[in-house]
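Student: Dropping in work_20.txt, with compact mmCIF, C-alpha atoms and all ligand atoms.
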# COMPACT_ATOMS: atom_id res chain seq x y z
CA MET A 1 -1.19 19.61 -9.22
CA LEU A 2 2.04 17.68 -9.71
CA CYS A 3 2.11 19.38 -13.09
CA GLN A 4 5.90 19.16 -13.33
CA LEU A 5 5.54 15.46 -14.09
CA ASN A 6 4.06 13.67 -17.05
CA ILE A 7 1.27 11.60 -15.49
CA SER A 8 -1.22 9.64 -17.56
CA ASN A 9 -4.94 9.53 -16.79
CA ARG A 10 -5.58 6.69 -19.20
CA PHE A 11 -6.83 4.28 -16.53
CA LYS A 12 -9.10 5.12 -13.59
CA SER A 13 -10.21 3.05 -10.63
CA LYS A 14 -13.52 3.45 -8.83
CA ASN A 15 -12.17 1.60 -5.82
CA PHE A 16 -11.93 4.50 -3.39
CA ASP A 17 -13.89 6.45 -0.78
CA ASN A 18 -13.35 9.57 1.34
CA ARG A 19 -10.32 10.12 3.53
CA LYS A 20 -10.97 10.38 7.25
CA LYS A 21 -7.47 11.62 8.04
CA ARG A 22 -4.85 13.99 6.72
CA VAL A 23 -2.23 12.49 4.35
CA SER A 24 1.03 11.83 6.21
CA PHE A 25 2.42 8.59 4.71
CA ILE A 26 3.64 7.34 1.34
CA ILE A 27 3.45 3.56 0.92
CA PHE A 28 5.29 1.60 -1.80
CA HIS A 29 4.07 -1.68 -3.25
CA TYR A 30 4.85 -4.03 -6.07
CA THR A 31 2.02 -5.22 -8.24
CA GLU A 32 3.03 -8.89 -8.30
CA THR A 33 1.97 -9.02 -11.94
CA LYS A 34 3.84 -9.72 -15.13
CA ASP A 35 2.94 -6.38 -16.70
CA LEU A 36 1.03 -3.09 -16.46
CA GLU A 37 -2.07 -4.46 -18.17
CA GLU A 38 -2.53 -7.18 -15.58
CA ALA A 39 -1.86 -4.68 -12.75
CA VAL A 40 -4.43 -2.17 -14.02
CA LYS A 41 -6.98 -4.94 -14.41
CA LEU A 42 -6.60 -5.87 -10.73
CA LEU A 43 -6.48 -2.30 -9.45
CA THR A 44 -9.67 -1.31 -11.28
CA ASP A 45 -11.68 -4.50 -10.71
CA LYS A 46 -14.77 -3.50 -8.76
CA LYS A 47 -15.15 -6.96 -7.27
CA ARG A 48 -11.63 -7.10 -5.85
CA LYS A 49 -11.96 -3.73 -4.08
CA VAL A 50 -8.27 -2.83 -4.38
CA SER A 51 -6.64 0.20 -5.95
CA SER A 52 -3.75 2.62 -5.54
CA HIS A 53 -3.21 6.27 -6.35
CA TYR A 54 -0.41 5.57 -8.80
CA VAL A 55 1.06 2.71 -10.76
CA ILE A 56 4.49 2.92 -12.39
CA ASP A 57 5.26 0.76 -15.43
CA TYR A 58 8.61 -0.85 -16.35
CA ASP A 59 9.46 2.06 -18.67
CA GLY A 60 8.90 4.62 -15.91
CA SER A 61 5.48 5.80 -17.15
CA ILE A 62 3.29 6.99 -14.29
CA TYR A 63 -0.47 6.39 -14.27
CA ASN A 64 -2.86 8.06 -11.83
CA LEU A 65 -5.73 5.72 -10.96
CA VAL A 66 -7.31 7.49 -7.96
CA ASP A 67 -7.45 11.21 -7.08
CA ILE A 68 -4.86 11.85 -4.34
CA GLU A 69 -7.49 13.65 -2.25
CA LYS A 70 -9.45 10.38 -2.04
CA ARG A 71 -8.79 7.22 -0.01
CA ALA A 72 -7.48 4.50 -2.31
CA TRP A 73 -7.64 0.90 -1.08
CA HIS A 74 -4.03 -0.23 -1.21
CA ALA A 75 -2.89 -0.90 2.35
CA GLY A 76 -5.66 -3.11 3.80
CA GLU A 77 -5.47 -3.85 7.50
CA SER A 78 -2.31 -2.07 8.55
CA CYS A 79 -0.72 -0.10 11.32
CA TRP A 80 2.29 2.09 12.16
CA LYS A 81 3.02 3.10 15.72
CA ASN A 82 -0.49 3.24 17.09
CA LEU A 83 -1.98 4.63 13.89
CA THR A 84 -4.50 2.52 12.01
CA ASP A 85 -6.46 3.12 8.78
CA ILE A 86 -3.27 3.83 6.85
CA ASN A 87 -5.39 4.04 3.68
CA SER A 88 -6.92 7.26 5.03
CA ARG A 89 -3.49 8.63 5.85
CA SER A 90 -1.46 7.69 2.80
CA ILE A 91 -0.67 7.86 -0.87
CA GLY A 92 -0.22 4.40 -2.40
CA ILE A 93 2.30 3.85 -5.17
CA GLU A 94 2.34 0.50 -6.98
CA ILE A 95 5.35 -0.46 -9.08
CA VAL A 96 5.00 -3.10 -11.79
CA ASN A 97 7.12 -6.07 -10.75
CA PRO A 98 6.33 -9.81 -10.61
CA GLY A 99 7.33 -10.10 -6.95
CA GLU A 100 10.34 -10.94 -4.80
CA LYS A 101 10.19 -14.69 -5.49
CA LYS A 102 10.62 -14.10 -9.22
CA LYS A 103 13.92 -12.29 -8.49
CA VAL A 104 13.28 -9.51 -10.99
CA LYS A 105 15.03 -6.27 -10.11
CA TYR A 106 13.29 -2.92 -10.48
CA LYS A 107 14.17 -1.03 -13.65
CA ILE A 108 16.26 2.13 -13.39
CA LYS A 109 13.56 4.13 -15.19
CA GLN A 110 10.92 2.92 -12.73
CA ILE A 111 12.98 4.01 -9.76
CA ASP A 112 13.72 7.37 -11.38
CA SER A 113 9.97 7.91 -11.66
CA VAL A 114 9.40 6.70 -8.09
CA ILE A 115 11.91 9.32 -6.93
CA LYS A 116 10.43 12.19 -8.97
CA LEU A 117 6.85 11.40 -7.97
CA THR A 118 7.66 10.85 -4.30
CA LYS A 119 9.62 14.10 -4.07
CA LEU A 120 6.62 16.06 -5.32
CA LEU A 121 4.16 14.26 -3.05
CA LYS A 122 6.48 14.63 -0.07
CA LYS A 123 6.64 18.35 -0.62
CA LYS A 124 2.94 18.80 -1.32
CA PHE A 125 1.78 16.95 1.80
CA LYS A 126 4.83 17.76 3.99
CA ILE A 127 5.51 14.06 4.61
CA SER A 128 8.47 13.16 6.82
CA ASN A 129 11.05 10.59 5.73
CA SER A 130 10.11 8.35 8.64
CA ARG A 131 6.64 7.94 7.13
CA ILE A 132 7.79 6.79 3.71
CA LEU A 133 7.39 3.03 4.05
CA GLY A 134 6.74 -0.26 2.35
CA HIS A 135 3.55 -2.29 2.54
CA SER A 136 5.58 -4.94 4.42
CA ASP A 137 6.38 -2.42 7.17
CA ILE A 138 2.76 -1.60 7.94
CA ALA A 139 1.24 -5.07 7.32
CA PRO A 140 4.11 -7.37 8.33
CA PHE A 141 2.02 -10.51 8.85
CA ARG A 142 0.43 -10.38 5.40
CA LYS A 143 2.82 -8.66 3.01
CA VAL A 144 6.42 -8.68 1.78
CA ASP A 145 6.19 -5.96 -0.90
CA PRO A 146 8.02 -3.95 -2.21
CA GLY A 147 10.52 -6.73 -1.36
CA ILE A 148 14.27 -7.13 -1.03
CA TYR A 149 15.05 -5.59 -4.40
CA PHE A 150 13.50 -2.23 -3.60
CA PRO A 151 16.42 0.26 -3.50
CA TRP A 152 15.77 2.09 -0.22
CA LYS A 153 19.40 3.17 -0.05
CA ARG A 154 19.23 4.85 -3.45
CA LEU A 155 15.99 6.59 -2.49
CA ASN A 156 17.58 7.85 0.70
CA GLU A 157 20.39 9.40 -1.35
CA LYS A 158 17.61 11.53 -2.87
CA ASP A 159 16.27 12.40 0.60
CA ILE A 160 13.43 9.87 0.50
CA GLY A 161 12.92 7.55 3.49
CA LEU A 162 15.32 6.69 6.29
CA TRP A 163 18.50 4.68 5.83
CA VAL A 164 21.69 4.13 7.81
CA GLU A 165 24.82 2.26 6.76
CA ASP A 166 25.33 -1.35 7.90
CA LYS A 167 27.51 -2.18 10.88
CA LEU A 168 28.06 -5.87 10.33
CA ASP A 169 28.65 -8.11 13.33
CA LYS A 170 27.87 -11.82 13.19
CA SER A 171 27.61 -12.38 16.95
CA LYS A 172 24.25 -13.58 18.21
CA LEU A 173 21.99 -11.47 20.37
CA THR A 174 21.86 -12.02 24.10
CA GLU A 175 18.46 -12.00 25.81
CA LYS A 176 19.08 -8.40 26.84
CA ASP A 177 20.05 -7.43 23.27
CA TYR A 178 16.89 -9.08 21.94
CA ILE A 179 14.64 -7.12 24.29
CA LEU A 180 16.45 -3.91 23.39
CA PHE A 181 16.12 -4.70 19.68
CA LEU A 182 12.37 -5.34 19.99
CA ASN A 183 11.88 -2.14 21.94
CA ASN A 184 13.78 -0.23 19.27
CA LEU A 185 11.58 -1.65 16.51
CA LYS A 186 8.51 -0.68 18.52
CA LYS A 187 9.79 2.85 19.12
CA PHE A 188 10.65 3.13 15.45
CA GLY A 189 7.04 2.34 14.52
CA TYR A 190 6.80 -1.39 13.75
CA PRO A 191 3.37 -2.64 14.80
CA TYR A 192 2.18 -5.84 16.51
CA ILE A 193 5.40 -6.59 18.45
CA THR A 194 4.68 -8.81 21.43
CA ASP A 195 6.54 -10.06 24.49
CA TYR A 196 4.03 -12.85 25.08
CA LEU A 197 4.38 -14.98 21.98
CA ARG A 198 7.81 -14.37 20.54
CA SER A 199 7.35 -16.50 17.44
CA LYS A 200 4.87 -13.85 16.29
CA ASN A 201 7.70 -11.31 16.11
CA LYS A 202 9.50 -13.30 13.42
CA ALA A 203 7.50 -11.95 10.50
CA ILE A 204 7.96 -8.39 11.76
CA ILE A 205 11.71 -8.82 12.18
CA GLU A 206 11.94 -10.41 8.73
CA ASN A 207 10.20 -7.37 7.25
CA PHE A 208 12.43 -4.98 9.18
CA HIS A 209 15.32 -6.82 7.48
CA ARG A 210 13.59 -6.64 4.10
CA HIS A 211 13.62 -2.85 4.33
CA HIS A 212 16.84 -2.10 6.22
CA LEU A 213 19.13 -5.16 5.99
CA PRO A 214 17.92 -7.22 3.04
CA GLN A 215 20.94 -9.54 3.16
CA MET A 216 19.63 -10.79 6.54
CA VAL A 217 16.26 -12.01 5.23
CA GLY A 218 15.89 -15.69 6.12
CA LYS A 219 18.86 -15.62 8.50
CA GLU A 220 19.28 -15.76 12.29
CA LEU A 221 19.31 -12.47 14.14
CA THR A 222 22.75 -11.00 14.83
CA LYS A 223 24.11 -7.81 16.32
CA SER A 224 24.02 -6.24 12.83
CA SER A 225 20.25 -5.94 13.26
CA LEU A 226 20.52 -4.45 16.71
CA PHE A 227 23.07 -1.86 15.53
CA LYS A 228 20.82 -0.96 12.61
CA SER A 229 17.87 -0.39 14.94
CA ILE A 230 19.96 1.81 17.26
CA ASP A 231 21.28 3.95 14.39
CA LEU A 232 17.86 4.28 12.77
CA LEU A 233 16.33 5.51 16.00
CA LYS A 234 19.12 8.08 16.33
CA ILE A 235 18.46 9.62 12.91
CA LYS A 236 14.70 9.41 13.34
CA ASN A 237 14.91 11.43 16.52
CA SER A 238 17.56 13.85 15.32
ZN ZN B 301 1.14 -4.05 -1.45
Please render this file's structure as structure tokens.
Tutor:
Amino acid sequence: MLCQLNISNRFKSKNFDNRKKRVSFIIFHYTETKDLEEAVKLLTDKKRKVSSHYVIDYDGSIYNLVDIEKRAWHAGESCWKNLTDINSRSIGIEIVNPGEKKKVKYKIKQIDSVIKLTKLLKKKFKISNSRILGHSDIAPFRKVDPGIYFPWKRLNEKDIGLWVEDKLDKSKLTEKDYILFLNNLKKFGYPYITDYLRSKNKAIIENFHRHHLPQMVGKELTKSSLFKSIDLLKIKNS
């Protein structure tokens, strides 16, 4: 299984149980640790009850912590479309990185390994590009990983995940545009979008930007975001 890749079994985590669903997602995370050692300590700590299937070190080394047939505990409370229990439905890949706030870019070797590993998993479980996501997509109120430095565009060049080119337009959204934009995000899969309390949508929109328009994180919504949502829906449905 995945024998084409050099994967280490040096560390194992007991933080898993049985899957209740078929695997159909791949979820990327960053470890928010300074190094591999600290990451492995967290992901194997019985008291913390977190884990992931894989962790990828700065030098590109891949470690398997949990059997891919089992349900690792990486996603927590999360949702995509109307699907919950993403842990049961996914493979979790952690990448060693201290976190977005520390402004440390991912290493080229790490991303090369992410690409190789994801390609194999995608093939093995027949996972569609629209279900290769970040933790921030499926848990937008709690998480921001894998953050603005995660190279989604580069991954898409290798046929991993969905990506469309930017159409930049600084004009603000009208009320009608805003409703259309929210509906597009909902159709695309973003969970928890509400018409009743609009301030709640902010974190979701911010995480949509994190993945698809990282230069817009922290900024006011413009038509660039609306155009992105329209083009993403087109390729998702094509
Ligand atoms: Zn995460």
Student: Using all atoms listed in the file for the distances, tell me which of A:His29, A:Arg154, A:Lys101, A:His211 is nearest to ligand ZN 301 (chain B).
Tutor: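 Once distances to ligand ZN 301 (chain B) are computed over all atoms listed in the file, the minimum belongs to A:His29.
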Student: List as an MDAnalysis selection string the residues having at least one atom at most 8 Å from position (23.2, -13.8, 18.4) as given in the file, counting only C-alpha atoms.
Tutor: chainID A and resid 170:174 220:223
Student: Quote the spacing between CA of Ala203 in chain A and CA of Ser52 in chain A in Å to one decimal place.
Tutor: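 Between these atoms lies a distance of 24.4 Å.
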Student: Just give me the gap between CA of Ile95 in chain A and CA of Arg19 in chain A in Å, one decimal is fine.
Tutor: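 Interatomic distance here is 22.7 Å.
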Student: What are the closest atom pairs, with distances in Å to one decimal, for each residue of chain A lying within 9 Å of ligand ZN 301 (chain B), using all atoms listed in the file, rows by chain and rising residue number, as a Markdown table?
Tutor:
| residue | atom | partner | partner_atom | distance |
| --- | --- | --- | --- | --- |
| A:Ile27 | CA | B:ZN301 | ZN | 8.3 |
| A:Phe28 | CA | B:ZN301 | ZN | 7.0 |
| A:His29 | CA | B:ZN301 | ZN | 4.2 |
| A:Tyr30 | CA | B:ZN301 | ZN | 5.9 |
| A:Thr31 | CA | B:ZN301 | ZN | 6.9 |
| A:Glu32 | CA | B:ZN301 | ZN | 8.6 |
| A:His74 | CA | B:ZN301 | ZN | 6.4 |
| A:Ala75 | CA | B:ZN301 | ZN | 6.4 |
| A:Gly76 | CA | B:ZN301 | ZN | 8.6 |
| A:Gly92 | CA | B:ZN301 | ZN | 8.6 |
| A:Ile93 | CA | B:ZN301 | ZN | 8.8 |
| A:Glu94 | CA | B:ZN301 | ZN | 7.3 |
| A:Gly134 | CA | B:ZN301 | ZN | 7.8 |
| A:His135 | CA | B:ZN301 | ZN | 5.0 |
| A:Ser136 | CA | B:ZN301 | ZN | 7.4 |
| A:Ala139 | CA | B:ZN301 | ZN | 8.8 |
| A:Lys143 | CA | B:ZN301 | ZN | 6.6 |
| A:Val144 | CA | B:ZN301 | ZN | 7.7 |
| A:Asp145 | CA | B:ZN301 | ZN | 5.4 |
| A:Pro146 | CA | B:ZN301 | ZN | 6.9 |
Student: Rank A:Leu182, A:Ile86, A:Leu121, A:Cys3 by their smallest atom-to-atom distance to Lys202 in chain A, using all atoms listed in the file, and report the top residue only.
Tutor: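 Selected residue with least distance to Lys202 in chain A: A:Leu182.
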Student: Using all atoms listed in the file, which residue out of A:Leu162, A:Leu133, A:Ile68, A:Ile179 lies closest to Lys234 in chain A?
Tutor: A:Leu162
Student: Near Gly189 in chain A, counting all atoms listed in the file, which residues have an atom at most 6 Å away, once you skip same-chain residues fewer than 2 positions from it, shown as a ChimeraX atom specification?
Tutor: /A:80-81,186-187
Student: I'd like the neighbourhood of Leu2 in chain A as an MDAnalysis selection string, where a residue qualifies if any of its atoms comes within 9 Å (using all atoms listed in the file), though same-chain residues fewer than 3 positions away should be ignored.
Tutor: chainID A and resid 5:7 117 120:121 124
Student: Point out the residue among A:Lys105, A:Lys236, A:Arg142, A:Lys228 with the least atom-to-atom distance to Asn207 in chain A, counting all atoms listed in the file.
Tutor: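 For Asn207 in chain A, the nearest of the candidates is A:Arg142.
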Student: From the list A:Lys167, A:His209, A:Lys46, A:Lys200, which residue is nearest Asp231 in chain A when using only C-alpha atoms?
Tutor: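 For Asp231 in chain A, the nearest of the given residues is A:Lys167.
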Student: Name the residues in contact with range 129-132 of chain A at a cut-off of 10 Å, using only C-alpha atoms, excluding same-chain residues fewer than 6 positions from it; report them as a ChimeraX atom specification.
Tutor: /A:24-28,80,90-91,118,122,156,159-163,188-189,232,235-237
Student: Could you take the residues named above and write them with C-alpha atoms, as a PDB file, keeping the file's coordinate frame?
Tutor:
ATOM      1  CA  SER A  24       1.030  11.830   6.210  1.00  0.00           C
ATOM      2  CA  PHE A  25       2.420   8.590   4.710  1.00  0.00           C
ATOM      3  CA  ILE A  26       3.640   7.340   1.340  1.00  0.00           C
ATOM      4  CA  ILE A  27       3.450   3.560   0.920  1.00  0.00           C
ATOM      5  CA  PHE A  28       5.290   1.600  -1.800  1.00  0.00           C
ATOM      6  CA  TRP A  80       2.290   2.090  12.160  1.00  0.00           C
ATOM      7  CA  SER A  90      -1.460   7.690   2.800  1.00  0.00           C
ATOM      8  CA  ILE A  91      -0.670   7.860  -0.870  1.00  0.00           C
ATOM      9  CA  THR A 118       7.660  10.850  -4.300  1.00  0.00           C
ATOM     10  CA  LYS A 122       6.480  14.630  -0.070  1.00  0.00           C
ATOM     11  CA  ASN A 156      17.580   7.850   0.700  1.00  0.00           C
ATOM     12  CA  ASP A 159      16.270  12.400   0.600  1.00  0.00           C
ATOM     13  CA  ILE A 160      13.430   9.870   0.500  1.00  0.00           C
ATOM     14  CA  GLY A 161      12.920   7.550   3.490  1.00  0.00           C
ATOM     15  CA  LEU A 162      15.320   6.690   6.290  1.00  0.00           C
ATOM     16  CA  TRP A 163      18.500   4.680   5.830  1.00  0.00           C
ATOM     17  CA  PHE A 188      10.650   3.130  15.450  1.00  0.00           C
ATOM     18  CA  GLY A 189       7.040   2.340  14.520  1.00  0.00           C
ATOM     19  CA  LEU A 232      17.860   4.280  12.770  1.00  0.00           C
ATOM     20  CA  ILE A 235      18.460   9.620  12.910  1.00  0.00           C
ATOM     21  CA  LYS A 236      14.700   9.410  13.340  1.00  0.00           C
ATOM     22  CA  ASN A 237      14.910  11.430  16.520  1.00  0.00           C
TER      23      ASN A 237
END
Student: Which distance in Å separates CA of Asn64 in chain A and CA of Ile138 in chain A, to one decimal?
Tutor: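 Taking CA of Asn64 in chain A and CA of Ile138 in chain A, their separation equals 22.7 Å.
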Student: With distances taken over only C-alpha atoms, which residue among A:Tyr63, A:Tyr196, A:Tyr58, A:Trp73 lies nearest Phe16 in chain A?
Tutor: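 Under the stated criterion, the closest residue is A:Trp73.
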Student: Edge lengths and centre in Å to one decimal, as AutoDock Vina command-line options, is what I'm after for the box along x, y and z that holds all listed atoms of range 122-126 of chain A once 8 Å is added on each side.
Tutor:
--center_x 4.2 --center_y 16.7 --center_z 1.3 --size_x 20.9 --size_y 20.2 --size_z 21.3
Student: Could you complete range 13-45 of chain A so that it carries N, CA and C atoms, and give it back as a compact mmCIF listing (two decimals), keeping the file's coordinate frame?
Tutor:
# COMPACT_ATOMS: atom_id res chain seq x y z
N SER A 13 -9.62 4.06 -11.48
CA SER A 13 -10.21 3.05 -10.63
C SER A 13 -11.33 3.69 -9.80
N LYS A 14 -12.42 2.94 -9.67
CA LYS A 14 -13.52 3.45 -8.83
C LYS A 14 -13.41 2.91 -7.41
N ASN A 15 -12.35 2.20 -7.15
CA ASN A 15 -12.17 1.60 -5.82
C ASN A 15 -11.55 2.60 -4.85
N PHE A 16 -12.39 3.51 -4.37
CA PHE A 16 -11.93 4.50 -3.39
C PHE A 16 -13.13 5.02 -2.61
N ASP A 17 -12.85 5.70 -1.50
CA ASP A 17 -13.89 6.45 -0.78
C ASP A 17 -13.25 7.70 -0.18
N ASN A 18 -13.89 8.31 0.81
CA ASN A 18 -13.35 9.57 1.34
C ASN A 18 -12.32 9.33 2.44
N ARG A 19 -11.31 10.18 2.44
CA ARG A 19 -10.32 10.12 3.53
C ARG A 19 -10.95 10.58 4.82
N LYS A 20 -10.50 9.93 5.93
CA LYS A 20 -10.97 10.38 7.25
C LYS A 20 -9.84 11.08 7.98
N LYS A 21 -8.64 11.03 7.40
CA LYS A 21 -7.47 11.62 8.04
C LYS A 21 -6.66 12.40 7.01
N ARG A 22 -5.76 13.23 7.55
CA ARG A 22 -4.85 13.99 6.72
C ARG A 22 -3.76 13.06 6.17
N VAL A 23 -3.29 13.33 4.94
CA VAL A 23 -2.23 12.49 4.35
C VAL A 23 -0.91 12.74 5.08
N SER A 24 -0.28 11.67 5.58
CA SER A 24 1.03 11.83 6.21
C SER A 24 1.98 10.66 5.94
N PHE A 25 1.56 9.73 5.07
CA PHE A 25 2.42 8.59 4.71
C PHE A 25 2.46 8.43 3.19
N ILE A 26 3.57 7.87 2.71
CA ILE A 26 3.64 7.34 1.34
C ILE A 26 4.00 5.87 1.47
N ILE A 27 3.23 5.00 0.80
CA ILE A 27 3.45 3.56 0.92
C ILE A 27 3.77 2.98 -0.47
N PHE A 28 4.89 2.25 -0.54
CA PHE A 28 5.29 1.60 -1.80
C PHE A 28 4.85 0.14 -1.82
N HIS A 29 4.48 -0.29 -3.02
CA HIS A 29 4.07 -1.68 -3.25
C HIS A 29 4.68 -2.18 -4.56
N TYR A 30 4.72 -3.50 -4.69
CA TYR A 30 4.85 -4.03 -6.07
C TYR A 30 3.54 -4.69 -6.46
N THR A 31 3.32 -4.75 -7.78
CA THR A 31 2.02 -5.22 -8.24
C THR A 31 1.88 -6.74 -8.21
N GLU A 32 3.01 -7.43 -8.20
CA GLU A 32 3.03 -8.89 -8.30
C GLU A 32 2.29 -9.35 -9.56
N THR A 33 2.54 -8.64 -10.65
CA THR A 33 1.97 -9.02 -11.94
C THR A 33 3.07 -9.03 -12.97
N LYS A 34 2.79 -9.68 -14.12
CA LYS A 34 3.84 -9.72 -15.13
C LYS A 34 3.96 -8.40 -15.89
N ASP A 35 2.86 -7.65 -15.97
CA ASP A 35 2.94 -6.38 -16.70
C ASP A 35 1.90 -5.36 -16.20
N LEU A 36 1.94 -4.18 -16.84
CA LEU A 36 1.03 -3.09 -16.46
C LEU A 36 -0.43 -3.48 -16.68
N GLU A 37 -0.69 -4.12 -17.80
CA GLU A 37 -2.07 -4.46 -18.17
C GLU A 37 -2.73 -5.30 -17.06
N GLU A 38 -2.00 -6.31 -16.63
CA GLU A 38 -2.53 -7.18 -15.58
C GLU A 38 -2.72 -6.39 -14.27
N ALA A 39 -1.78 -5.48 -13.98
CA ALA A 39 -1.86 -4.68 -12.75
C ALA A 39 -3.09 -3.78 -12.79
N VAL A 40 -3.31 -3.09 -13.90
CA VAL A 40 -4.43 -2.17 -14.02
C VAL A 40 -5.76 -2.93 -13.91
N LYS A 41 -5.78 -4.12 -14.48
CA LYS A 41 -6.98 -4.94 -14.41
C LYS A 41 -7.35 -5.22 -12.95
N LEU A 42 -6.36 -5.59 -12.16
CA LEU A 42 -6.60 -5.87 -10.73
C LEU A 42 -7.01 -4.61 -9.97
N LEU A 43 -6.30 -3.52 -10.25
CA LEU A 43 -6.48 -2.30 -9.45
C LEU A 43 -7.75 -1.52 -9.83
N THR A 44 -8.42 -1.97 -10.87
CA THR A 44 -9.67 -1.31 -11.28
C THR A 44 -10.87 -2.26 -11.20
N ASP A 45 -10.62 -3.50 -10.79
CA ASP A 45 -11.68 -4.50 -10.71
C ASP A 45 -12.59 -4.20 -9.53
